[in-house]
Every structure is written in C-alpha cells, then in structure tokens.
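Everything below belongs to model26.txt, which stores compact mmCIF, C-alpha atoms.
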```txt
# COMPACT_ATOMS: atom_id res chain seq x y z
CA MET A 504 -119.53 34.42 39.88
CA LYS A 505 -121.22 36.75 37.42
CA LEU A 506 -120.54 35.95 33.80
CA SER A 507 -120.91 39.62 33.03
CA ASP A 508 -117.85 40.36 35.15
CA LEU A 509 -115.56 37.95 33.37
CA GLY A 510 -114.74 39.90 30.23
CA GLU A 511 -114.64 38.26 26.83
CA ARG A 512 -111.63 36.02 27.44
CA GLY A 513 -112.82 35.02 30.89
CA LEU A 514 -116.29 34.27 29.56
CA ILE A 515 -114.92 32.08 26.79
CA ALA A 516 -112.77 30.21 29.32
CA GLU A 517 -115.74 29.69 31.64
CA LEU A 518 -118.04 28.49 28.90
CA GLU A 519 -115.30 26.19 27.61
CA ARG A 520 -114.99 24.75 31.09
CA ARG A 521 -118.74 24.17 31.20
CA GLY A 522 -118.62 22.35 27.91
CA LEU A 523 -115.92 20.11 29.31
CA ALA A 524 -118.02 19.40 32.40
CA ARG A 525 -120.78 18.10 30.13
CA GLY A 526 -118.38 15.66 28.46
CA LEU A 527 -117.76 17.43 25.16
CA SER A 528 -114.41 17.19 23.44
CA LEU A 529 -112.14 20.21 23.81
CA ALA A 530 -112.76 21.25 20.18
CA GLU A 531 -116.54 20.91 20.51
CA ALA A 532 -116.52 22.79 23.79
CA ALA A 533 -114.37 25.56 22.32
CA ARG A 534 -116.78 25.95 19.39
CA GLY A 535 -119.74 26.08 21.78
CA ALA A 536 -117.96 28.57 24.00
CA ALA A 537 -117.14 30.84 21.08
CA ALA A 538 -120.73 30.76 19.86
CA ALA A 539 -122.13 31.40 23.33
CA ALA A 540 -119.76 34.30 23.99
CA SER A 541 -120.51 35.83 20.61
CA ASP A 542 -124.23 35.51 21.27
CA ALA A 543 -123.82 37.03 24.74
CA VAL A 544 -122.04 40.02 23.23
CA LEU A 545 -124.75 40.34 20.55
CA HIS A 546 -127.40 40.50 23.28
CA GLY A 547 -125.23 42.63 25.58
CA LEU A 548 -126.87 45.26 27.74
CA ALA A 549 -125.16 48.38 26.44
CA GLU A 550 -127.67 50.60 28.23
CA LEU A 551 -126.53 49.51 31.69
CA GLY A 552 -124.02 51.86 33.28
CA ALA A 553 -121.94 54.63 31.85
CA GLY A 554 -119.08 52.34 30.82
CA GLU A 555 -118.85 49.10 28.86
CA GLY A 556 -122.14 47.28 29.45
CA PRO A 557 -122.30 43.64 30.53
CA VAL A 558 -122.77 40.82 28.05
CA ASP A 559 -126.01 38.89 28.40
CA VAL A 560 -125.66 35.16 28.02
CA LEU A 561 -129.31 34.59 28.98
CA GLY A 562 -131.01 36.86 26.44
CA LEU A 563 -132.95 38.85 29.02
CA HIS A 564 -134.48 41.25 26.51
CA GLU A 565 -136.20 38.32 24.81
CA ALA A 566 -137.67 37.20 28.14
CA LEU A 567 -139.47 40.50 28.64
CA MET B 1480 -138.21 48.09 27.20
CA PRO B 1481 -135.20 48.69 29.45
CA ILE B 1482 -133.99 45.69 31.39
CA PRO B 1483 -135.18 45.86 35.03
CA ARG B 1484 -132.26 45.96 37.45
CA CYS B 1485 -132.36 44.01 40.68
CA LEU B 1486 -129.92 43.96 43.58
CA THR B 1487 -129.45 41.31 46.24
CA ILE B 1488 -127.81 42.25 49.52
CA ALA B 1489 -127.01 38.97 51.21
CA GLY B 1490 -124.47 36.25 51.90
CA SER B 1491 -122.89 33.94 49.36
CA ASP B 1492 -123.35 30.17 49.44
CA SER B 1493 -120.26 28.34 48.23
CA GLY B 1494 -122.49 25.37 47.45
CA GLY B 1495 -124.38 27.47 44.91
CA GLY B 1496 -127.85 26.51 46.10
CA ALA B 1497 -128.95 29.47 48.21
CA GLY B 1498 -127.91 33.02 49.02
CA ILE B 1499 -126.51 35.33 46.37
CA GLN B 1500 -126.11 32.46 43.93
CA ALA B 1501 -129.78 31.51 44.14
CA ASP B 1502 -130.84 35.14 43.97
CA LEU B 1503 -128.96 35.88 40.74
CA LYS B 1504 -130.47 32.81 39.07
CA ALA B 1505 -133.95 33.81 40.20
CA PHE B 1506 -133.47 37.38 38.97
CA ALA B 1507 -132.43 36.07 35.56
CA ARG B 1508 -135.32 33.60 35.45
CA ALA B 1509 -137.69 36.49 36.14
CA GLY B 1510 -136.18 38.62 33.37
CA CYS B 1511 -134.05 41.00 35.45
CA PHE B 1512 -130.40 41.95 35.37
CA GLY B 1513 -129.00 40.88 38.71
CA MET B 1514 -126.39 42.58 40.87
CA SER B 1515 -125.03 41.74 44.29
CA ALA B 1516 -123.66 43.31 47.45
CA ILE B 1517 -122.17 40.45 49.46
CA VAL B 1518 -122.19 41.00 53.21
CA ALA B 1519 -120.83 37.60 54.28
CA LEU B 1520 -119.20 34.56 52.73
CA THR B 1521 -120.31 31.14 53.87
CA ALA B 1522 -118.39 27.91 53.46
CA GLN B 1523 -121.41 25.74 52.89
CA ASN B 1524 -122.70 22.62 51.18
CA THR B 1525 -125.99 20.74 51.36
CA VAL B 1526 -125.14 19.31 54.77
CA GLU B 1527 -123.66 22.12 56.82
CA VAL B 1528 -122.25 25.61 57.10
CA THR B 1529 -118.66 25.19 58.22
CA ALA B 1530 -117.59 28.84 58.35
CA VAL B 1531 -118.93 32.37 57.97
CA HIS B 1532 -116.72 35.31 57.06
CA GLU B 1533 -118.27 38.73 57.53
CA VAL B 1534 -117.34 41.32 54.93
CA PRO B 1535 -115.94 44.60 56.35
CA LEU B 1536 -118.61 47.28 56.63
CA GLU B 1537 -116.75 49.72 54.40
CA PHE B 1538 -116.64 47.10 51.66
CA VAL B 1539 -120.38 46.46 52.00
CA ARG B 1540 -120.96 50.17 51.49
CA ALA B 1541 -118.48 50.31 48.60
CA GLN B 1542 -120.44 47.61 46.76
CA LEU B 1543 -123.72 49.44 47.30
CA GLU B 1544 -122.30 52.77 46.17
CA ALA B 1545 -120.68 51.22 43.09
CA VAL B 1546 -123.92 49.65 41.92
CA PHE B 1547 -126.25 52.54 42.71
CA SER B 1548 -123.98 55.25 41.30
CA ASP B 1549 -123.57 53.73 37.85
CA ILE B 1550 -125.97 50.93 36.92
CA GLY B 1551 -128.94 51.86 39.08
CA VAL B 1552 -131.39 49.65 40.95
CA ASP B 1553 -135.13 49.22 40.30
CA ALA B 1554 -135.73 46.92 43.28
CA ALA B 1555 -133.67 45.12 45.92
CA LYS B 1556 -133.87 42.26 48.34
CA THR B 1557 -131.99 41.48 51.50
CA GLY B 1558 -131.22 37.96 52.62
CA MET B 1559 -128.70 36.70 55.15
CA LEU B 1560 -127.31 39.81 56.88
CA PHE B 1561 -125.68 37.96 59.78
CA SER B 1562 -124.98 40.75 62.30
CA ALA B 1563 -126.53 43.89 63.77
CA ARG B 1564 -123.70 46.09 62.48
CA VAL B 1565 -124.23 44.90 58.90
CA ILE B 1566 -127.95 45.53 59.23
CA GLU B 1567 -127.28 49.04 60.53
CA GLU B 1568 -124.94 49.77 57.61
CA VAL B 1569 -127.40 48.44 55.02
CA ALA B 1570 -130.32 50.28 56.64
CA ASP B 1571 -128.35 53.55 56.70
CA PHE B 1572 -127.66 53.23 52.98
CA LEU B 1573 -131.13 52.10 51.92
CA GLY B 1574 -132.74 54.79 54.06
CA ALA B 1575 -130.98 57.33 51.86
CA HIS B 1576 -131.84 55.43 48.66
CA PRO B 1577 -135.52 54.46 48.91
CA LEU B 1578 -136.73 51.81 46.46
CA PRO B 1579 -138.99 48.74 46.35
CA LEU B 1580 -137.39 46.42 48.92
CA VAL B 1581 -138.05 42.80 49.83
CA VAL B 1582 -136.66 41.86 53.25
CA ASP B 1583 -136.22 38.12 53.64
CA PRO B 1584 -135.50 37.68 57.36
CA VAL B 1585 -133.09 34.78 56.91
CA MET B 1586 -132.26 33.31 60.30
CA VAL B 1587 -131.43 29.64 59.92
CA ALA B 1588 -130.15 27.62 56.94
CA SER B 1589 -132.04 24.53 55.78
CA SER B 1590 -129.10 22.57 57.23
CA GLY B 1591 -129.88 24.09 60.64
CA ALA B 1592 -126.98 26.56 60.85
CA ARG B 1593 -127.71 29.96 62.36
CA LEU B 1594 -127.34 32.73 59.74
CA LEU B 1595 -128.44 35.69 61.89
CA ARG B 1596 -126.95 36.38 65.29
CA GLU B 1597 -129.54 36.43 68.06
CA ASP B 1598 -128.64 39.99 69.01
CA ALA B 1599 -129.29 41.13 65.42
CA VAL B 1600 -133.01 40.39 65.40
CA GLY B 1601 -133.84 43.71 67.04
CA ALA B 1602 -131.90 45.63 64.40
CA LEU B 1603 -133.56 43.67 61.63
CA VAL B 1604 -137.02 44.51 62.95
CA GLY B 1605 -136.33 48.04 64.11
CA ARG B 1606 -134.15 49.31 61.26
CA LEU B 1607 -134.92 47.26 58.17
CA PHE B 1608 -138.60 46.30 58.43
CA PRO B 1609 -139.78 49.95 58.18
CA LEU B 1610 -137.81 50.36 54.94
CA ALA B 1611 -139.31 47.26 53.34
CA THR B 1612 -142.05 47.05 50.78
CA VAL B 1613 -142.67 43.54 52.04
CA VAL B 1614 -141.12 41.13 54.54
CA THR B 1615 -141.10 37.43 53.62
CA PRO B 1616 -140.57 35.09 56.58
CA ASN B 1617 -141.16 31.39 56.30
CA LEU B 1618 -143.28 29.88 59.05
CA PRO B 1619 -140.43 29.17 61.54
CA GLU B 1620 -139.03 32.66 60.97
CA ALA B 1621 -142.47 34.19 61.45
CA GLU B 1622 -142.88 32.27 64.71
CA ALA B 1623 -139.43 33.40 65.86
CA LEU B 1624 -140.40 37.01 65.15
CA ALA B 1625 -143.97 37.00 66.41
CA GLY B 1626 -144.60 33.93 68.57
CA GLY B 1627 -147.23 31.30 67.84
CA GLY B 1628 -150.41 31.38 65.82
CA ASP B 1629 -151.63 30.66 62.33
CA PRO B 1630 -149.97 32.33 59.34
CA GLU B 1631 -152.57 35.11 59.16
CA GLU B 1632 -152.12 35.98 62.83
CA LEU B 1633 -148.36 35.93 62.39
CA ALA B 1634 -148.54 38.18 59.33
CA ARG B 1635 -150.71 40.69 61.19
CA ARG B 1636 -148.34 40.68 64.18
CA ILE B 1637 -145.25 41.18 62.02
CA HIS B 1638 -147.06 44.05 60.33
CA GLU B 1639 -147.56 45.54 63.79
CA LEU B 1640 -143.80 45.25 64.33
CA GLY B 1641 -143.31 47.76 61.51
CA ALA B 1642 -143.37 45.84 58.23
CA PRO B 1643 -145.66 47.61 55.73
CA ALA B 1644 -146.62 44.27 54.19
CA VAL B 1645 -145.85 40.64 55.02
CA VAL B 1646 -145.85 37.37 53.12
CA VAL B 1647 -145.65 34.33 55.39
CA THR B 1648 -144.52 31.58 53.09
CA GLY B 1649 -146.19 28.25 53.62
CA GLY B 1650 -143.41 25.94 52.61
CA HIS B 1651 -142.99 24.64 56.12
CA GLY B 1652 -146.68 24.63 57.03
CA GLU B 1653 -149.49 22.18 56.38
CA GLU B 1654 -151.78 24.62 54.65
CA GLY B 1655 -149.98 24.83 51.31
CA ALA B 1656 -150.56 28.54 50.98
CA ASP B 1657 -148.61 31.76 51.32
CA VAL B 1658 -150.41 34.46 53.28
CA LEU B 1659 -150.02 38.09 52.18
CA PHE B 1660 -151.13 40.87 54.50
CA ASP B 1661 -150.65 44.43 53.26
CA GLY B 1662 -152.01 46.20 56.31
CA SER B 1663 -155.61 46.11 55.18
CA GLU B 1664 -156.30 42.95 53.21
CA VAL B 1665 -155.35 39.29 53.60
CA VAL B 1666 -154.65 37.38 50.39
CA ARG B 1667 -154.16 33.62 50.45
CA ILE B 1668 -151.93 32.35 47.67
CA PRO B 1669 -152.27 28.61 47.07
CA VAL B 1670 -148.89 26.94 46.61
CA GLU B 1671 -148.45 23.54 45.04
CA ARG B 1672 -146.52 21.37 47.51
CA HIS B 1673 -143.92 18.89 46.25
CA VAL B 1674 -142.48 16.03 48.27
CA THR B 1675 -138.77 16.29 47.54
CA HIS B 1676 -135.38 16.47 49.17
CA ALA B 1677 -134.33 19.51 47.16
CA THR B 1678 -135.52 22.62 48.94
CA HIS B 1679 -132.17 24.31 49.64
CA GLY B 1680 -132.56 27.87 48.35
CA ALA B 1681 -136.36 27.88 48.06
CA GLY B 1682 -136.78 30.91 50.32
CA CYS B 1683 -134.07 32.87 48.51
CA THR B 1684 -135.68 32.00 45.18
CA HIS B 1685 -139.04 33.22 46.45
CA SER B 1686 -137.83 36.57 47.77
CA ALA B 1687 -135.55 37.24 44.79
CA THR B 1688 -138.35 36.51 42.34
CA LEU B 1689 -140.67 38.77 44.33
CA ALA B 1690 -138.13 41.61 44.10
CA ALA B 1691 -137.65 40.98 40.38
CA LEU B 1692 -141.37 41.10 39.69
CA LEU B 1693 -141.70 44.33 41.69
CA ALA B 1694 -138.85 45.72 39.56
CA ARG B 1695 -140.90 44.76 36.50
CA GLY B 1696 -143.78 46.84 37.81
CA LEU B 1697 -146.18 44.15 39.02
CA SER B 1698 -148.44 44.84 41.99
CA LEU B 1699 -147.46 43.30 45.30
CA ALA B 1700 -150.19 40.64 45.08
CA GLU B 1701 -149.26 39.74 41.49
CA ALA B 1702 -145.58 39.60 42.40
CA ALA B 1703 -146.31 37.42 45.44
CA ARG B 1704 -148.27 34.98 43.27
CA GLY B 1705 -145.47 34.87 40.72
CA ALA B 1706 -142.86 34.34 43.42
CA ALA B 1707 -144.84 31.49 44.96
CA ALA B 1708 -145.17 29.79 41.59
CA ALA B 1709 -141.48 30.22 40.75
CA ALA B 1710 -140.33 28.85 44.10
CA SER B 1711 -142.70 25.89 43.87
CA ASP B 1712 -141.50 25.14 40.35
CA ALA B 1713 -137.87 25.40 41.46
CA VAL B 1714 -138.55 22.84 44.19
CA LEU B 1715 -140.33 20.56 41.71
CA HIS B 1716 -137.25 20.62 39.48
CA GLY B 1717 -134.84 20.53 42.42
CA LEU B 1718 -131.59 18.61 42.16
CA ALA B 1719 -132.11 16.07 44.92
CA GLY B 1720 -129.06 14.07 43.83
CA LEU B 1721 -126.59 16.86 44.51
CA GLY B 1722 -124.87 16.49 47.87
CA ALA B 1723 -125.72 14.27 50.82
CA GLY B 1724 -128.13 16.74 52.41
CA GLU B 1725 -131.09 18.75 51.18
CA GLY B 1726 -130.41 19.32 47.48
CA PRO B 1727 -130.62 22.73 45.80
CA VAL B 1728 -133.75 23.97 44.08
CA ASP B 1729 -133.38 24.59 40.35
CA VAL B 1730 -135.13 27.72 39.14
CA LEU B 1731 -133.61 27.35 35.67
CA ASN B 1732 -134.75 23.75 35.17
CA LEU B 1733 -131.31 22.64 34.06
CA ARG B 1734 -132.34 19.08 33.27
CA GLU B 1735 -134.48 20.29 30.38
CA ALA B 1736 -131.45 22.06 28.92
CA LEU B 1737 -129.51 18.77 28.65
```
Written as structure tokens, how would this file's structure read?
Amino acid sequence: MKLSDLGERGLIAELERRGLARGLSLAEAARGAAAAASDAVLHGLAELGAGEGPVDVLGLHEAL
Amino acid sequence: MPIPRCLTIAGSDSGGGAGIQADLKAFARAGCFGMSAIVALTAQNTVEVTAVHEVPLEFVRAQLEAVFSDIGVDAAKTGMLFSARVIEEVADFLGAHPLPLVVDPVMVASSGARLLREDAVGALVGRLFPLATVVTPNLPEAEALAGGGDPEELARRIHELGAPAVVVTGGHGEEGADVLFDGSEVVRIPVERHVTHATHGAGCTHSATLAALLARGLSLAEAARGAAAAASDAVLHGLAGLGAGEGPVDVLNLREAL
C-alpha cells in the first residue's frame, strides 16, 4: 500500500489505525493521525505529475 | 532540488518483508519517491510462499505507461519477474524507455520458494541484462547464472553474458564483501556481517537502494557502497521476532521510532 494513493480521508484512517496498533487511545490516535496527515500535505510533492501531487508523510525533501 | 523518482518492477510480498514492499521502504530511506509496477502477487510470510498470482501482461504494461507518462522515472529496478513472458514484456517497454536500471535476478526466496521459472532464466539474461546499468545477484544466484568460482570470477562471467556491470553481493559468502565489476575494474566493497535471523528482504533492500542512489546521481561505485551499507544496516536492525521463519530486515529502523 502506498500512503500517497490513499487520499486525505484514507490516509487519516490508515494513520489512525497505526496509532491503535501502538496501543494509543482512539482520541490520541485520531489527534496523531490528523497531525501526521496535515504534515504530509504540508510536505506534499506538488511537482510530481500533472495532476494532484502525492502527500509526503516521510519528508523526503528534508532528506536530500 | 527535485525529488528523485524511482520505480520498482517486481512482485509483492504479502508479508511486507521483501519485494515491492521492501523496495518502497528502501527508496524512501534513500530519499527517493517510490513507484511500483507489480508483475506478480505472492501469498507469503517468513516461512513460505503459498501462492503466486501472475498479473496479466496488459496490466503490467498499463502500470508502466501510467507511471512513465505522468510522473516520470529517474531510475528503476527489477526484482521478481517470475516468467519469461513477463520478462519479455518488461524488456520491450524498457528498451523503448532507456534509463538507469538495476536488475536484481531474483530466483529463490529466503524461504526456499522458487520465484523465477527455470525456463525464464534465458529471457532474463538475453533480454534484460543488456538493458541493465548493473546486475546484482547474490552468491547462489551468481552461481546459478555462471557456474562455480569466486565472486570476482562470477562477476566477470556474468559480464560476459551481457551485463554491462555486475555486483555479486556477499551476504551468502564467507568473504564479507560485495564485488563490483564494471567491465574494466574490480572494486571490493567490504560489508559488515551480522549474525541474525532477520535477512528476509536484504537483497531487495540492496538493489532498491542502489537504484535510488543512481537516481540521485551517484556514480555506480558510490551507489554500490551506499547500497551495501544500507542493506547491512537493515539486517542489523532486522525484526527477528516477526514470524516463525527468517524475519524481515528493517531499513527504517522502526525500533528507534518507538
């Protein structure tokens, strides 16, 4: 699964699920998921492709 | 700096340790945006491969065309390609879209399952090796392709088969070194060995990192050194507790994130 393919709602749901896997409460996981999705959009790769670019949950630009 | 774009053309591993899943993690770890063209699905865990489902050829091509036509690709790798007809399809496409290409001649899973049909080896060598920037067999794969001998002899013989450059990875050997032969020079790349039961996906991690570093503009020797270090590190941090068999490598060092 590519997080970039999930869309905003799908990404939030996936990150929420991950938070739950780590034992967080639903509210904590939802907060973490919202923050992560927002951050992924902030770092999104708008230059990739002619359409809506993928979000970047890993912050690839910073790694370069 | 634009984000380098890397494509893996390979099979998926439902267990998440190898194949496409390992490649995308390695691309990200090496600072590249990863894309995939899946040629086969495997039902797999750390113990065994229970089923392989080959993707229809037209869908393989559709994935390649979708990625190349819009996002673009700076470098690619191939992994498990499974059958001669898939190799022919991929070679036809890549022949018309030349780019830095790492060919990982995946033949057998760490669990022992065959991931390349015996009758596909000829197509792999004859069609794909000439398109490669570098071919990256591990020692058993190199021996299957070129017979016996030390890694340098094997690298030279695989070069003679048509691969412009070869890295024989030393993970299964005693020497603890990868051997790069580019047709003129032999470079030995020391690799730190780790005694662990978490090597599932090490080869995929190596070849994907090598492709990513080529996409970033490194020389072949620099990229081969970086790939060796990343794969060794992924084994060091491998998740030996996951599954009853050989655990997956961990290129992202997940334990440190907890």
Considering all atoms listed in the file, extract the chain B residues located within 9 Å of chain A and return them as a tab-separated table (two decimals) with C-alpha atoms, keeping the file's coordinate frame.
```
chain	number	residue	atom	x	y	z
B	1480	MET	CA	-138.21	48.09	27.20
B	1481	PRO	CA	-135.20	48.69	29.45
B	1482	ILE	CA	-133.99	45.69	31.39
B	1484	ARG	CA	-132.26	45.96	37.45
B	1500	GLN	CA	-126.11	32.46	43.93
B	1503	LEU	CA	-128.96	35.88	40.74
B	1507	ALA	CA	-132.43	36.07	35.56
B	1508	ARG	CA	-135.32	33.60	35.45
B	1509	ALA	CA	-137.69	36.49	36.14
B	1510	GLY	CA	-136.18	38.62	33.37
B	1511	CYS	CA	-134.05	41.00	35.45
B	1512	PHE	CA	-130.40	41.95	35.37
B	1513	GLY	CA	-129.00	40.88	38.71
B	1514	MET	CA	-126.39	42.58	40.87
B	1546	VAL	CA	-123.92	49.65	41.92
B	1548	SER	CA	-123.98	55.25	41.30
B	1549	ASP	CA	-123.57	53.73	37.85
B	1550	ILE	CA	-125.97	50.93	36.92
B	1551	GLY	CA	-128.94	51.86	39.08
B	1737	LEU	CA	-129.51	18.77	28.65
```
Quick one: everything within 12 Å of region 1663-1675 of chain B, counting only C-alpha atoms, minus sequence neighbours fewer than 5 positions away in the same chain. Send it as a VMD selection string.
-> chain B and resid 1630 to 1635 1638 to 1639 1643 to 1658 1681 1685 1699 to 1720 1724 to 1728
Tell me which protein, DNA and RNA residues are within 8 Å of Met1559 (chain B), counting all atoms listed in the file, leaving out same-chain ones fewer than 3 positions away, and put them as a list in words.
->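 The residues satisfying every condition are Ile1488, Ala1489, Gly1490, Gly1498, Ala1519, Asp1583, Pro1584, Val1585, Met1586, Leu1594 and Leu1595 of chain B.
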Separation of CA of Cys1683 (chain B) from CA of Ala1501 (chain B) in Å | 6.3 Å
Length of the CA of Leu1603 (chain B) to CA of Pro1619 (chain B) vector [Å] |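 Value for the CA of Leu1603 (chain B)-CA of Pro1619 (chain B) distance: 16.0 Å.
Reported to one decimal place, the separation of CA of Ile1517 (chain B) from CA of Ala1554 (chain B) is 16.2 Å.
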Looking at B:Ala1642, B:Ile1499, B:Val1526, B:Ala1505, which one is nearest to Leu1731 (chain B), with distances taken over only C-alpha atoms?
->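 Once distances to Leu1731 (chain B) are computed over only C-alpha atoms, the minimum belongs to B:Ala1505.
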Using the incomplete input, complete region 525-544 of chain A to the level of N, CA and C atoms; output as a PDB file, in the coordinates of the input.
```pdb
ATOM      1  N   ARG A 525    -119.696  18.884  30.719  1.00  0.00           N
ATOM      2  CA  ARG A 525    -120.780  18.100  30.130  1.00  0.00           C
ATOM      3  C   ARG A 525    -120.256  16.973  29.256  1.00  0.00           C
ATOM      4  N   GLY A 526    -118.941  16.804  29.163  1.00  0.00           N
ATOM      5  CA  GLY A 526    -118.380  15.660  28.460  1.00  0.00           C
ATOM      6  C   GLY A 526    -118.035  15.899  27.004  1.00  0.00           C
ATOM      7  N   LEU A 527    -118.114  17.137  26.547  1.00  0.00           N
ATOM      8  CA  LEU A 527    -117.760  17.430  25.160  1.00  0.00           C
ATOM      9  C   LEU A 527    -116.242  17.336  24.981  1.00  0.00           C
ATOM     10  N   SER A 528    -115.840  17.135  23.725  1.00  0.00           N
ATOM     11  CA  SER A 528    -114.410  17.190  23.440  1.00  0.00           C
ATOM     12  C   SER A 528    -113.961  18.643  23.568  1.00  0.00           C
ATOM     13  N   LEU A 529    -112.655  18.845  23.673  1.00  0.00           N
ATOM     14  CA  LEU A 529    -112.140  20.210  23.810  1.00  0.00           C
ATOM     15  C   LEU A 529    -112.529  21.058  22.599  1.00  0.00           C
ATOM     16  N   ALA A 530    -112.437  20.475  21.389  1.00  0.00           N
ATOM     17  CA  ALA A 530    -112.760  21.250  20.180  1.00  0.00           C
ATOM     18  C   ALA A 530    -114.246  21.602  20.150  1.00  0.00           C
ATOM     19  N   GLU A 531    -115.089  20.637  20.486  1.00  0.00           N
ATOM     20  CA  GLU A 531    -116.540  20.910  20.510  1.00  0.00           C
ATOM     21  C   GLU A 531    -116.868  21.975  21.553  1.00  0.00           C
ATOM     22  N   ALA A 532    -116.254  21.831  22.718  1.00  0.00           N
ATOM     23  CA  ALA A 532    -116.520  22.790  23.790  1.00  0.00           C
ATOM     24  C   ALA A 532    -116.047  24.179  23.397  1.00  0.00           C
ATOM     25  N   ALA A 533    -114.897  24.258  22.735  1.00  0.00           N
ATOM     26  CA  ALA A 533    -114.370  25.560  22.320  1.00  0.00           C
ATOM     27  C   ALA A 533    -115.296  26.202  21.291  1.00  0.00           C
ATOM     28  N   ARG A 534    -115.831  25.401  20.366  1.00  0.00           N
ATOM     29  CA  ARG A 534    -116.780  25.950  19.390  1.00  0.00           C
ATOM     30  C   ARG A 534    -118.038  26.462  20.107  1.00  0.00           C
ATOM     31  N   GLY A 535    -118.544  25.662  21.034  1.00  0.00           N
ATOM     32  CA  GLY A 535    -119.740  26.080  21.780  1.00  0.00           C
ATOM     33  C   GLY A 535    -119.486  27.325  22.599  1.00  0.00           C
ATOM     34  N   ALA A 536    -118.297  27.402  23.187  1.00  0.00           N
ATOM     35  CA  ALA A 536    -117.960  28.570  24.000  1.00  0.00           C
ATOM     36  C   ALA A 536    -117.873  29.821  23.133  1.00  0.00           C
ATOM     37  N   ALA A 537    -117.268  29.688  21.968  1.00  0.00           N
ATOM     38  CA  ALA A 537    -117.140  30.840  21.080  1.00  0.00           C
ATOM     39  C   ALA A 537    -118.514  31.332  20.633  1.00  0.00           C
ATOM     40  N   ALA A 538    -119.382  30.383  20.303  1.00  0.00           N
ATOM     41  CA  ALA A 538    -120.730  30.760  19.860  1.00  0.00           C
ATOM     42  C   ALA A 538    -121.509  31.419  20.988  1.00  0.00           C
ATOM     43  N   ALA A 539    -121.386  30.850  22.200  1.00  0.00           N
ATOM     44  CA  ALA A 539    -122.130  31.400  23.330  1.00  0.00           C
ATOM     45  C   ALA A 539    -121.633  32.805  23.687  1.00  0.00           C
ATOM     46  N   ALA A 540    -120.314  32.977  23.657  1.00  0.00           N
ATOM     47  CA  ALA A 540    -119.760  34.300  23.990  1.00  0.00           C
ATOM     48  C   ALA A 540    -120.156  35.330  22.943  1.00  0.00           C
ATOM     49  N   SER A 541    -120.122  34.917  21.678  1.00  0.00           N
ATOM     50  CA  SER A 541    -120.510  35.830  20.610  1.00  0.00           C
ATOM     51  C   SER A 541    -121.977  36.245  20.771  1.00  0.00           C
ATOM     52  N   ASP A 542    -122.809  35.259  21.081  1.00  0.00           N
ATOM     53  CA  ASP A 542    -124.230  35.510  21.270  1.00  0.00           C
ATOM     54  C   ASP A 542    -124.466  36.429  22.482  1.00  0.00           C
ATOM     55  N   ALA A 543    -123.684  36.208  23.537  1.00  0.00           N
ATOM     56  CA  ALA A 543    -123.820  37.030  24.740  1.00  0.00           C
ATOM     57  C   ALA A 543    -123.441  38.482  24.454  1.00  0.00           C
ATOM     58  N   VAL A 544    -122.433  38.664  23.616  1.00  0.00           N
ATOM     59  CA  VAL A 544    -122.040  40.020  23.230  1.00  0.00           C
ATOM     60  C   VAL A 544    -123.143  40.646  22.357  1.00  0.00           C
TER      61      VAL A 544
END
```
